[in-house]
Amino acid sequence: MITNLGSSGALIAAAFAVLGAGGNGTDVGLVAAARTVPLVFFLLIGGAVADRLPRHRVMVAANALNCLSQGVFAVLVLTGEPALWQMALLSALGGTGQAFFSPAAEGMVLSSVSGEQAGRAFAYFRLGSNGASIAGAALGGALVAAAGPGWVLAFDAAAFAVAGGLRALLDLSGMPERGPRDGGLLSDLRDGWREFSGRSWLWSVVIQFAVVNAVVGAAEAVYGPLVAQDHLGGARPWGMALAAFGAGTLCSAILMTRWKPRRILLAGAISVFPLALPPAALAVPLSAGWLMLTMFVSGVSIEIFAVTWMLALHQEIPEEKFSRVSSYDWLGSIALLPAATALAGPAAEAFGRAPALWGCSALVVLLTAAVLTVPDVRRLTVRESAAGGAAPDGTAAVRAEPDGLGPNAGPAEKTVPQD
């Protein structure tokens, strides 16, 4: 939560630091892409490392690297106009840290809960994280407008330092123990690939989000700040729009502590459609108030997906493979993001900013509709007795119910073998 507080504001600060140094939309996109390239490159390695080493130690090391990169970024912005290559390099170091942090963090969260309360636990976890994101986005936008982006970056560096220190003191005596494994990292990666590729619901949703995350990321990282600067009054209203998105996720997380849909992936997939609203609002462009409303609605919807997705992973993936499967999930979900952010500026120059944003919105709708054609996405249901990962007999019994379109009149049971 502490890192979310700083990072939410730092995303705004980095974009406006580039603009403040005389950069344009293409430069903003290049710096954003510089962060995601090493993130894509190191994610699989990060997942394999996190399944071998204590996950919280991997997270502490990643926090230290992020603290260093953001601290230097802050110093450069506060003491003068940083060069574009310097900002890109520091963003790349931040992406490297995230590549090791994210699979370890997701694996640690998934392995820390069990039983029928898993969905509620994930909702409470995201409730705290999203609360910090709301405050960070609002505070970040205000501080960028009032004091400049350098101080926001400095705050983010301090947040990483505090978070790393607290994680180093965690008592993990109740966490499941993982025994030694034969083979090296390549063997681990092949094992993770078998887990990932053997589940149609898993890889189809990841392919969907490869495109959805790319176009939404380009809209928010590149087009959003530009529209805000040209039409909405600068950093403050854009920060408030991002805070509205966070507020939506917060409200939705509260909802998900009470509601656990039976067809978890069907509910999650349908909830992705409203992500098309913010790019459309930026394309018009709508006023700051209406933009905040669309961001709020998209925040509500994506949080429903996030909690149901975590519940599906927790229910179907063995604990000792959480981080590796998570790394394939992350890799597929962000694989196109570097190209999308780097090409967002040239695309706007070639076709116009509004057509580019309408294209982003259309792709979200089309890909979400496509993933709903996958039978396992429609049929995967929650097991009330799920305790996370594989069942004691080495299998994960996935409850599948007919979607009403086929001839089957009753539920079918299918068993997925696990290693």
# chains A, B, ... in the order shown; residues from 1 in each chain; ligands from 1
call {"tool": "residues_around", "arguments": {"residues": "range 94-101 of chain A", "least_positions_apart": "5", "cutoff": "9 Å", "atoms": "only C-alpha atoms", "output": "PyMOL selection string"}}
result
chain A and resi 34-47+49-50+55-56+58-70+89+106+327+330
call {"tool": "residues_around", "arguments": {"residues": "Ala154 in chain A", "least_positions_apart": "2", "cutoff": "12 Å", "atoms": "only C-alpha atoms", "output": "ChimeraX atom specification"}}
result
/A:6-7,9-10,13-14,66-78,140,143-144,147-152,156-161
call {"tool": "closest_residue", "arguments": {"among": "A:Leu90, A:Glu349, A:Trp238, A:Ile264", "to": "Trp290 in chain A", "atoms": "only C-alpha atoms"}}
result
A:Trp238
call {"tool": "residues_around", "arguments": {"residues": "range 334-338 of chain A", "least_positions_apart": "3", "cutoff": "9 Å", "atoms": "only C-alpha atoms", "output": "list in words"}}
result
Gly29, Leu30, Ala32, Ala33, Ala34, Arg35, Thr36, Val37, Leu39, Val40, Phe209, Ala210, Val211, Asn213, Ala214, Val215, Gly217, Ala218, Asp329, Trp330, Leu331, Thr341, Ala342 and Leu343 of chain A
call {"tool": "select_by_dssp", "arguments": {"residues": "range 55-243 of chain A", "states": "alpha helix (DSSP H)", "output": "PyMOL selection string"}}
result
chain A and resi 55-79+84-111+118-147+149-168+185-197+200-218+224-227+235-243
call {"tool": "residues_around", "arguments": {"residues": "Arg324 in chain A", "least_positions_apart": "2", "cutoff": "8 Å", "atoms": "only C-alpha atoms", "output": "PyMOL selection string"}}
result
chain A and resi 44+47-48+50-51+103+188-189+192+321-322+326-328
call {"tool": "atom_distance", "arguments": {"atom1": "CA of Gly239 in chain A", "atom2": "CA of Leu363 in chain A"}}
result
25.0 Å
